[in-house]
Every structure is written in C-alpha cells, then in structure tokens.
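Chemist: This is start-v7.cif, which holds mmCIF, C-alpha atoms and all ligand atoms:
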```cif
data_run
loop_
_atom_site.label_atom_id
_atom_site.label_comp_id
_atom_site.auth_asym_id
_atom_site.auth_seq_id
_atom_site.Cartn_x
_atom_site.Cartn_y
_atom_site.Cartn_z
CA MET M 161 117.20 41.14 -114.01
CA LYS M 162 114.59 43.73 -113.17
CA VAL M 163 113.08 44.18 -109.70
CA VAL M 164 110.01 46.42 -109.39
CA PHE M 165 108.62 47.62 -106.06
CA LEU M 166 105.04 48.91 -106.27
CA PHE M 167 103.21 50.66 -103.47
CA ASP M 168 99.48 51.12 -103.06
CA LEU M 169 97.93 54.50 -102.16
CA ASP M 170 94.55 54.11 -100.36
CA GLY M 171 95.15 52.67 -96.89
CA THR M 172 98.89 52.39 -97.50
CA VAL M 173 100.79 55.66 -98.14
CA ALA M 174 97.49 57.58 -97.76
CA LYS M 175 95.56 56.95 -94.54
CA TRP M 176 92.16 55.30 -94.90
CA ASN M 177 89.17 57.42 -93.91
CA CYS M 178 86.78 55.11 -92.06
CA ASP M 179 84.10 57.82 -91.81
CA ALA M 180 83.75 58.37 -95.58
CA SER M 181 80.80 56.90 -97.47
CA VAL M 182 81.18 55.48 -100.98
CA GLU M 183 79.52 58.67 -102.31
CA ASP M 184 82.12 60.78 -100.47
CA THR M 185 84.94 58.97 -102.25
CA PHE M 186 83.50 60.07 -105.61
CA ALA M 187 83.64 63.75 -104.70
CA PRO M 188 86.26 65.85 -106.52
CA GLY M 189 89.14 66.57 -104.14
CA TYR M 190 88.32 63.63 -101.85
CA PHE M 191 91.59 61.86 -102.41
CA ARG M 192 93.64 65.03 -102.49
CA ASN M 193 92.76 65.66 -98.86
CA ARG M 194 93.79 62.27 -97.51
CA GLU M 195 96.20 62.30 -94.61
CA PRO M 196 99.67 60.92 -95.52
CA GLU M 197 101.28 57.92 -93.81
CA THR M 198 104.42 60.00 -93.25
CA LYS M 199 106.76 57.32 -91.86
CA LEU M 200 106.08 55.01 -94.79
CA ILE M 201 106.53 57.83 -97.32
CA LYS M 202 109.93 58.65 -95.80
CA ALA M 203 110.89 54.94 -95.83
CA ILE M 204 110.04 54.64 -99.55
CA ASN M 205 112.12 57.74 -100.34
CA LYS M 206 115.05 56.26 -98.40
CA LEU M 207 114.75 53.03 -100.39
CA ALA M 208 114.83 54.94 -103.68
CA LYS M 209 118.05 56.74 -102.68
CA ASP M 210 119.88 53.66 -101.39
CA PRO M 211 122.17 52.13 -104.07
CA GLU M 212 122.37 48.89 -102.07
CA VAL M 213 118.68 48.20 -102.63
CA LEU M 214 118.46 45.67 -105.47
CA CYS M 215 115.48 47.37 -107.05
CA ASN M 216 115.51 49.14 -110.43
CA ASP M 217 112.06 50.64 -110.32
CA ILE M 218 109.79 52.02 -107.58
CA ARG M 219 106.32 53.24 -108.51
CA ALA M 220 102.77 53.63 -107.23
CA LEU M 221 100.05 51.20 -108.29
CA THR M 222 96.55 52.28 -107.36
CA SER M 223 92.94 51.48 -108.16
CA VAL M 224 90.94 54.47 -109.32
CA TYR M 225 87.44 55.35 -110.48
CA PRO M 226 87.61 55.80 -114.25
CA ILE M 227 87.03 59.54 -113.92
CA GLN M 228 89.75 61.98 -114.93
CA TYR M 229 89.54 64.18 -111.81
CA CYS M 230 90.07 61.12 -109.58
CA LYS M 231 93.32 60.37 -111.42
CA ASP M 232 94.35 64.03 -111.26
CA ASP M 233 93.58 64.15 -107.51
CA LYS M 234 95.87 61.19 -106.91
CA LYS M 235 98.66 62.66 -109.03
CA THR M 236 98.41 65.96 -107.16
CA TRP M 237 98.35 64.17 -103.81
CA LEU M 238 101.57 62.32 -104.72
CA LYS M 239 103.27 65.60 -105.65
CA GLU M 240 102.13 67.29 -102.45
CA ASN M 241 103.27 64.41 -100.27
CA GLU M 242 106.89 63.87 -101.29
CA LEU M 243 106.08 61.11 -103.77
CA GLY M 244 105.96 63.23 -106.92
CA ASP M 245 109.20 61.70 -108.28
CA PHE M 246 107.59 58.27 -108.61
CA ALA M 247 105.59 57.14 -111.62
CA VAL M 248 102.00 56.12 -110.94
CA GLU M 249 100.08 53.28 -112.58
CA PHE M 250 96.26 53.34 -112.51
CA ILE M 251 94.01 50.30 -112.51
CA ASP M 252 90.25 50.77 -112.84
CA TYR M 253 88.29 49.82 -109.73
CA GLY M 254 87.15 46.23 -109.97
CA GLN M 255 90.11 45.16 -112.10
CA PRO M 256 92.76 43.02 -110.37
CA LYS M 257 96.05 44.81 -109.80
CA SER M 258 97.81 41.82 -111.36
CA ASP M 259 96.55 43.13 -114.75
CA TYR M 260 99.48 45.52 -114.49
CA ILE M 261 102.02 42.66 -114.58
CA ILE M 262 103.46 42.43 -118.07
CA ASP M 263 106.65 40.40 -117.92
CA ASN M 264 106.75 38.26 -114.81
CA GLU M 265 109.19 35.82 -116.41
CA ASN M 266 112.08 38.27 -116.45
CA GLN M 267 111.32 40.43 -113.46
CA VAL M 268 110.48 40.28 -109.79
CA SER M 269 107.40 42.34 -108.88
CA ILE M 270 106.79 43.22 -105.23
CA LEU M 271 103.51 44.84 -104.17
CA LEU M 272 102.96 46.67 -100.86
CA ASP M 273 99.20 46.85 -100.29
CA ASP M 274 96.70 46.93 -97.42
CA PHE M 275 94.14 44.62 -99.09
CA THR M 276 94.62 40.85 -98.80
CA LYS M 277 92.61 40.06 -101.95
CA ASN M 278 94.98 42.18 -104.05
CA LEU M 279 97.99 40.50 -102.50
CA LYS M 280 96.71 36.94 -102.89
CA ASP M 281 95.76 37.58 -106.50
CA TRP M 282 99.19 39.15 -107.08
CA GLU M 283 101.03 36.13 -105.70
CA THR M 284 99.28 33.70 -108.05
CA ASN M 285 101.74 34.96 -110.70
CA ASP M 286 105.32 33.71 -110.99
CA ASN M 287 107.97 35.95 -109.40
CA CYS M 288 105.31 38.20 -107.84
CA PHE M 289 105.34 38.78 -104.08
CA GLY M 290 103.05 40.67 -101.74
CA ILE M 291 103.72 42.58 -98.52
CA LYS M 292 100.69 43.50 -96.45
CA PHE M 293 100.64 46.95 -94.86
CA LEU M 294 99.00 46.69 -91.45
CA ASN M 295 97.46 50.14 -91.10
CA GLY M 296 95.67 49.60 -87.78
CA ILE M 297 92.25 49.24 -89.45
CA ASN M 298 92.67 46.24 -91.71
CA SER M 299 93.78 42.67 -91.00
CA THR M 300 90.89 41.91 -88.67
CA LYS M 301 90.26 38.43 -90.12
CA GLY M 302 93.86 37.22 -90.10
CA THR M 303 93.60 35.71 -93.58
CA TRP M 304 97.03 36.96 -94.71
CA GLU M 305 99.94 34.75 -93.66
CA GLY M 306 102.66 36.32 -95.81
CA LEU M 307 105.10 39.20 -95.42
CA VAL M 308 103.93 42.26 -93.46
CA LEU M 309 104.90 45.83 -92.64
CA SER M 310 103.24 47.64 -89.76
CA ALA M 311 102.25 51.29 -89.39
CA ASN M 312 103.46 50.95 -85.78
CA MET M 313 107.07 50.72 -86.97
CA ASP M 314 109.23 53.82 -87.17
CA THR M 315 110.65 55.02 -90.51
CA ASP M 316 113.98 53.19 -90.16
CA ALA M 317 112.34 49.91 -89.17
CA MET M 318 110.07 50.16 -92.23
CA TYR M 319 112.98 51.06 -94.49
CA PHE M 320 115.26 48.26 -93.25
CA THR M 321 112.44 45.70 -93.39
CA LEU M 322 111.55 46.63 -96.98
CA LYS M 323 115.23 46.68 -98.01
CA ALA M 324 115.81 43.22 -96.50
CA ILE M 325 112.71 41.77 -98.20
CA ILE M 326 113.51 43.28 -101.62
CA ASN M 327 117.17 42.19 -101.53
CA GLN M 328 116.33 38.68 -100.38
CA LEU M 329 113.70 38.21 -103.12
CA ALA M 330 116.12 39.57 -105.74
CA LYS M 331 118.85 37.15 -104.57
CA ASN M 332 116.42 34.22 -104.56
CA TYR M 333 115.40 35.06 -108.13
CA ASN M 334 119.08 35.16 -109.22
CA ILE M 335 119.80 31.80 -107.55
CA GLN M 336 116.73 30.29 -109.23
CA LYS M 337 117.80 31.66 -112.66
CA GLN M 338 121.36 30.36 -112.17
CA LYS M 339 119.95 26.92 -111.34
CA GLU M 340 117.81 27.04 -114.49
CA VAL M 341 120.86 27.96 -116.62
CA ALA M 342 122.94 25.15 -115.03
CA TRP M 343 120.09 22.66 -115.59
CA ASN M 344 119.68 23.72 -119.25
CA ASN M 345 123.46 23.38 -119.78
CA LYS M 346 123.34 19.86 -118.31
CA LYS M 347 120.41 19.00 -120.56
CA ARG M 348 122.24 20.30 -123.64
CA ALA M 349 125.40 18.36 -122.65
CA ALA M 350 123.33 15.19 -122.18
CA GLN M 351 121.63 15.72 -125.56
CA SER M 352 124.93 16.19 -127.44
CA CYS M 353 126.39 13.21 -125.57
CA SER M 354 123.49 10.96 -126.62
CA PHE M 355 123.92 12.22 -130.20
CA PHE M 356 127.57 11.04 -130.23
CA VAL M 357 126.59 7.71 -128.66
CA CYS M 358 124.03 7.20 -131.47
CA LEU M 359 126.65 8.17 -134.03
CA TRP M 360 129.11 5.69 -132.56
CA GLN M 361 126.47 2.94 -132.49
CA PHE M 362 125.54 3.66 -136.09
CA SER M 363 129.19 3.57 -137.27
CA SER M 364 129.70 0.32 -135.31
CA TYR M 365 126.65 -1.10 -137.04
CA LEU M 366 128.07 -0.09 -140.46
CA ASN M 367 131.42 -1.72 -139.64
CA TRP M 368 129.73 -4.91 -138.49
CA ASN M 369 127.60 -4.84 -141.57
CA LYS M 370 130.70 -4.60 -143.76
CA LEU M 371 132.36 -7.47 -141.91
CA ILE M 372 129.28 -9.68 -142.23
CA LYS M 373 128.94 -8.91 -145.94
CA LYS M 374 132.65 -9.65 -146.46
CA ARG M 375 132.27 -12.96 -144.58
CA LEU M 376 129.23 -13.90 -146.66
CA LEU M 377 131.18 -13.16 -149.84
CA VAL M 378 134.00 -15.50 -148.73
CA ILE M 379 131.49 -18.24 -147.89
CA ASN M 380 129.70 -17.81 -151.21
CA HIS M 381 132.98 -17.81 -153.07
CA ARG M 382 134.04 -21.12 -151.37
CA ARG M 383 130.68 -22.67 -152.12
CA TYR M 384 130.99 -21.62 -155.76
CA LYS M 385 134.48 -23.11 -156.02
CA ASN M 386 133.42 -26.34 -154.31
CA GLY M 387 130.14 -26.49 -156.17
MG MG M 401 94.57 50.06 -100.61
#
```
Please lay out the structure from this file as structure tokens.
Ligand SMILES: [Mg+2]

Modeler:
Amino acid sequence: MKVVFLFDLDGTVAKWNCDASVEDTFAPGYFRNREPETKLIKAINKLAKDPEVLCNDIRALTSVYPIQYCKDDKKTWLKENELGDFAVEFIDYGQPKSDYIIDNENQVSILLDDFTKNLKDWETNDNCFGIKFLNGINSTKGTWEGLVLSANMDTDAMYFTLKAIINQLAKNYNIQKQKEVAWNNKKRAAQSCSFFVCLWQFSSYLNWNKLIKKRLLVINHRRYKNG
C-alpha cells in the first residue's frame, strides 16, 4: 500500500498576499518573496522524519503559471524555506489538481490545501482525501465540512493532527482492502462449491439415466419374450 501526502504552496506553506494584484503575481520573483508559514513547514518536516507516520511519500503539489521562471521561483522558495528535500509537482493554473492522481486504486492520496474547490474536486476520486488549511483569510463561506488544520495551531498540534489523520486513513484503507480480499475469497469458494454441486447433479443424472435405460431394456426384453 502506498500513502501519499501532498501539500499546497500558495496560501498553505507560503502565506497569501492579499495586497497583490493578478499582474503582481506574474512578476518574476513574486513567489520567491512570499512569507513562509513557519509552523506548518516545521510540522511537515517532523512528519517526514517520523517512522510511525504511515506515509511513504510527502511532496508539494502546486498550481503554476506555465512560465519557466514561475516554476523556478517556486523551486527556489522551497529550497530557501526548509522544504528543498521534497519533490514538487506542478499543475498548470486552471487545471484541476486531481489531474495529478495516477493510481488511486492502489494508493491513498491526501491533499492539504487552502482552496475548497481543489479539495472537493480531489475527494471525488476513490481513496483521495482533503484537509483544508485555515490560513485566517480563507474559509469565509463555510462551504468546507471536511477535515481541517488551522494556522492558529502550534507546530506540535499541527504535526500530531496530520499524523493522526494520515495514520487513520491508511488504517481504514487497509481494513477496506482486507474486507475486499475476504469477500473475493468467499466468492471464489462459493463459485467452486457451485461447480461441484453441478458436477454432482450431472453425475446423478447420468446414473439415473443408466438405471432408466437398464429398466427399459428389461421391460423390452420381457415384452419380446412374451410377444
Ligand atoms: Mg493554495
């Protein structure tokens, strides 16, 4: 089983700049100068070092303008903010983040993101779960009713909350898979059982057939003798 934990950048590990215009966000170096969400960054690093966390893969998943310097800015920002050891996946702006999901049958994918639309879209896929990061700016409409993590928590509270969520989801997935295996075994047993029942019925039919034919022969023989 594979469990992947993906974290968003803008508004999640990098603080959202409410004063920036859309044009500002296109400027080279814009992202590189974003203020880090330090407590969350420390919590993610603690998760990655904890062998008890049932997660095989932690990486960043971020939307980006399809311009090379925007990608480079984000990579540099990750390196400069203690997240350089994590791989980063880029999705073009406008594309749903769920496009990243490749094998949701055999893995659990958990997304930490500040945008409800991303999370809801993510959760429409099997074995995909969202955690909303409440950064103090978002969540004004109250449309998200799922798992949350708040910027008001301290590092340990964030770390323990994420660890508990990841481990619980991993265990649930294992229980579900074990149930599927048990159900398939029962189905196979029932199928082979019905095969033997059919075989038995068929052999009984053949035996009866033989008996009937034998009986008919005796009757015919008597009739012949008497006739
Ligand atoms: Mg975001």

Chemist: Quick one: which chain M residues come within 9 Å of ligand MG 401 (chain M), and what is the nearest atom pair for each with the distance in Å to one decimal, counting all atoms listed in the file, rows ordered by chain and ascending number, as JSON lines?

Modeler:
```
{"residue": "M:Asp168", "atom": "CA", "partner": "M:MG401", "partner_atom": "MG", "distance": 5.6}
{"residue": "M:Leu169", "atom": "CA", "partner": "M:MG401", "partner_atom": "MG", "distance": 5.8}
{"residue": "M:Asp170", "atom": "CA", "partner": "M:MG401", "partner_atom": "MG", "distance": 4.1}
{"residue": "M:Gly171", "atom": "CA", "partner": "M:MG401", "partner_atom": "MG", "distance": 4.6}
{"residue": "M:Thr172", "atom": "CA", "partner": "M:MG401", "partner_atom": "MG", "distance": 5.8}
{"residue": "M:Val173", "atom": "CA", "partner": "M:MG401", "partner_atom": "MG", "distance": 8.7}
{"residue": "M:Ala174", "atom": "CA", "partner": "M:MG401", "partner_atom": "MG", "distance": 8.6}
{"residue": "M:Trp176", "atom": "CA", "partner": "M:MG401", "partner_atom": "MG", "distance": 8.1}
{"residue": "M:Thr222", "atom": "CA", "partner": "M:MG401", "partner_atom": "MG", "distance": 7.4}
{"residue": "M:Ser223", "atom": "CA", "partner": "M:MG401", "partner_atom": "MG", "distance": 7.9}
{"residue": "M:Asp273", "atom": "CA", "partner": "M:MG401", "partner_atom": "MG", "distance": 5.6}
{"residue": "M:Asp274", "atom": "CA", "partner": "M:MG401", "partner_atom": "MG", "distance": 5.0}
{"residue": "M:Phe275", "atom": "CA", "partner": "M:MG401", "partner_atom": "MG", "distance": 5.7}
{"residue": "M:Asn278", "atom": "CA", "partner": "M:MG401", "partner_atom": "MG", "distance": 8.6}
{"residue": "M:Phe293", "atom": "CA", "partner": "M:MG401", "partner_atom": "MG", "distance": 8.9}
```

Chemist: Output C-alpha atoms of each residue in that selection to a file, as a tab-separated table (two decimals), in the frame of the given file.

Modeler:
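Listing of result34.tsv after writing:
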```tsv
chain	number	residue	atom	x	y	z
M	168	ASP	CA	99.48	51.12	-103.06
M	169	LEU	CA	97.93	54.50	-102.16
M	170	ASP	CA	94.55	54.11	-100.36
M	171	GLY	CA	95.15	52.67	-96.89
M	172	THR	CA	98.89	52.39	-97.50
M	173	VAL	CA	100.79	55.66	-98.14
M	174	ALA	CA	97.49	57.58	-97.76
M	176	TRP	CA	92.16	55.30	-94.90
M	222	THR	CA	96.55	52.28	-107.36
M	223	SER	CA	92.94	51.48	-108.16
M	273	ASP	CA	99.20	46.85	-100.29
M	274	ASP	CA	96.70	46.93	-97.42
M	275	PHE	CA	94.14	44.62	-99.09
M	278	ASN	CA	94.98	42.18	-104.05
M	293	PHE	CA	100.64	46.95	-94.86
```

Chemist: Counting only C-alpha atoms, which of M:Pro226, M:Phe289, M:Asp245, M:Lys331 gets nearest to Lys209 of chain M?

Modeler: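 Once distances to Lys209 of chain M are computed over only C-alpha atoms, the minimum belongs to M:Asp245.
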
Chemist: Just checking: using all atoms listed in the file, which residue out of M:Asp281, M:Asp286, M:Glu197, M:Glu265 ends up closest to Leu243 of chain M?

Modeler: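 Looking at the shortest contact to Leu243 of chain M, the residue is M:Glu197.
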
Chemist: Can you tell me, as a PyMOL selection string, which residues sit within 10 Å of (108.9, 39.8, -115.0) in the file's frame, using all atoms listed in the file?

Modeler: chain M and resi 161-164+261-269+285-288

Chemist: Report, in Å with one decimal, the straight-line distance from atom CA of Ala342 of chain M to atom CA of Leu271 of chain M.

Modeler: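 Interatomic distance, atom CA of Ala342 of chain M to atom CA of Leu271 of chain M: 29.7 Å.
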
Chemist: Determine the axis-aligned bounding box of all atoms of segment 335-352 of chain M present in the file, pad each side by 8 Å, and express its centre and edge lengths in Å to one decimal place as AutoDock Vina command-line options.

Modeler:
```
--center_x 121.1 --center_y 23.5 --center_z -117.5 --size_x 24.7 --size_y 32.6 --size_z 35.9
```

Chemist: Report, in Å with one decimal, the straight-line distance from atom CA of Leu294 of chain M to atom CA of Asn312 of chain M.

Modeler: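 If I compute the distance from atom CA of Leu294 of chain M to atom CA of Asn312 of chain M, I get 8.4 Å.
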
Chemist: List every residue of segment 181-211 of chain M that has an atom at most 9 Å from any atom of segment 320-328 of chain M, and for each one report the closest atom pair and its distance in Å to one decimal, counting all atoms listed in the file, with rows sorted by chain and then by increasing residue number, as JSON lines.

Modeler:
```
{"residue": "M:Ala203", "atom": "CA", "partner": "M:Phe320", "partner_atom": "CA", "distance": 8.4}
{"residue": "M:Ile204", "atom": "CA", "partner": "M:Leu322", "partner_atom": "CA", "distance": 8.5}
{"residue": "M:Leu207", "atom": "CA", "partner": "M:Lys323", "partner_atom": "CA", "distance": 6.8}
```

Chemist: Report the distance between atom CA of Val248 of chain M and atom CA of Asp233 of chain M in Å, rounded to one decimal place.

Modeler: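 Atom-to-atom, atom CA of Val248 of chain M to atom CA of Asp233 of chain M, that is 12.1 Å.
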
Chemist: Of the residues M:Arg375, M:Lys257, M:Arg194, M:Lys206, which is the one nearest to Asn177 of chain M, using all atoms listed in the file?

Modeler: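 Selected residue with least distance to Asn177 of chain M: M:Arg194.
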
Chemist: Of the residues M:Trp343, M:Phe362, M:Trp282, M:Tyr319, which is the one nearest to Ile201 of chain M, using only C-alpha atoms?

Modeler: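 Using only C-alpha atoms, Ile201 of chain M sits closest to M:Tyr319.
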
Chemist: Taking 3 positions as the minimum chain separation for residues in the same chain, which residues sit within 10 Å of Gly306 of chain M when counting all atoms listed in the file? Answer as a ChimeraX atom specification.

Modeler: /M:276,279-280,289-292,303

Chemist: Considering all atoms listed in the file, return as a list in words whatever protein or nucleic-acid residues lie within 12 Å of Asp252 of chain M, sequence-local ones (same chain, fewer than 6 positions apart) excluded.

Modeler: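 Skipping anything fewer than 6 positions along the chain leaves Leu221, Thr222, Ser223, Val224, Tyr225, Pro226, Ile227, Gln228, Cys230, Lys231, Ser258, Asp259 and Tyr260 of chain M.
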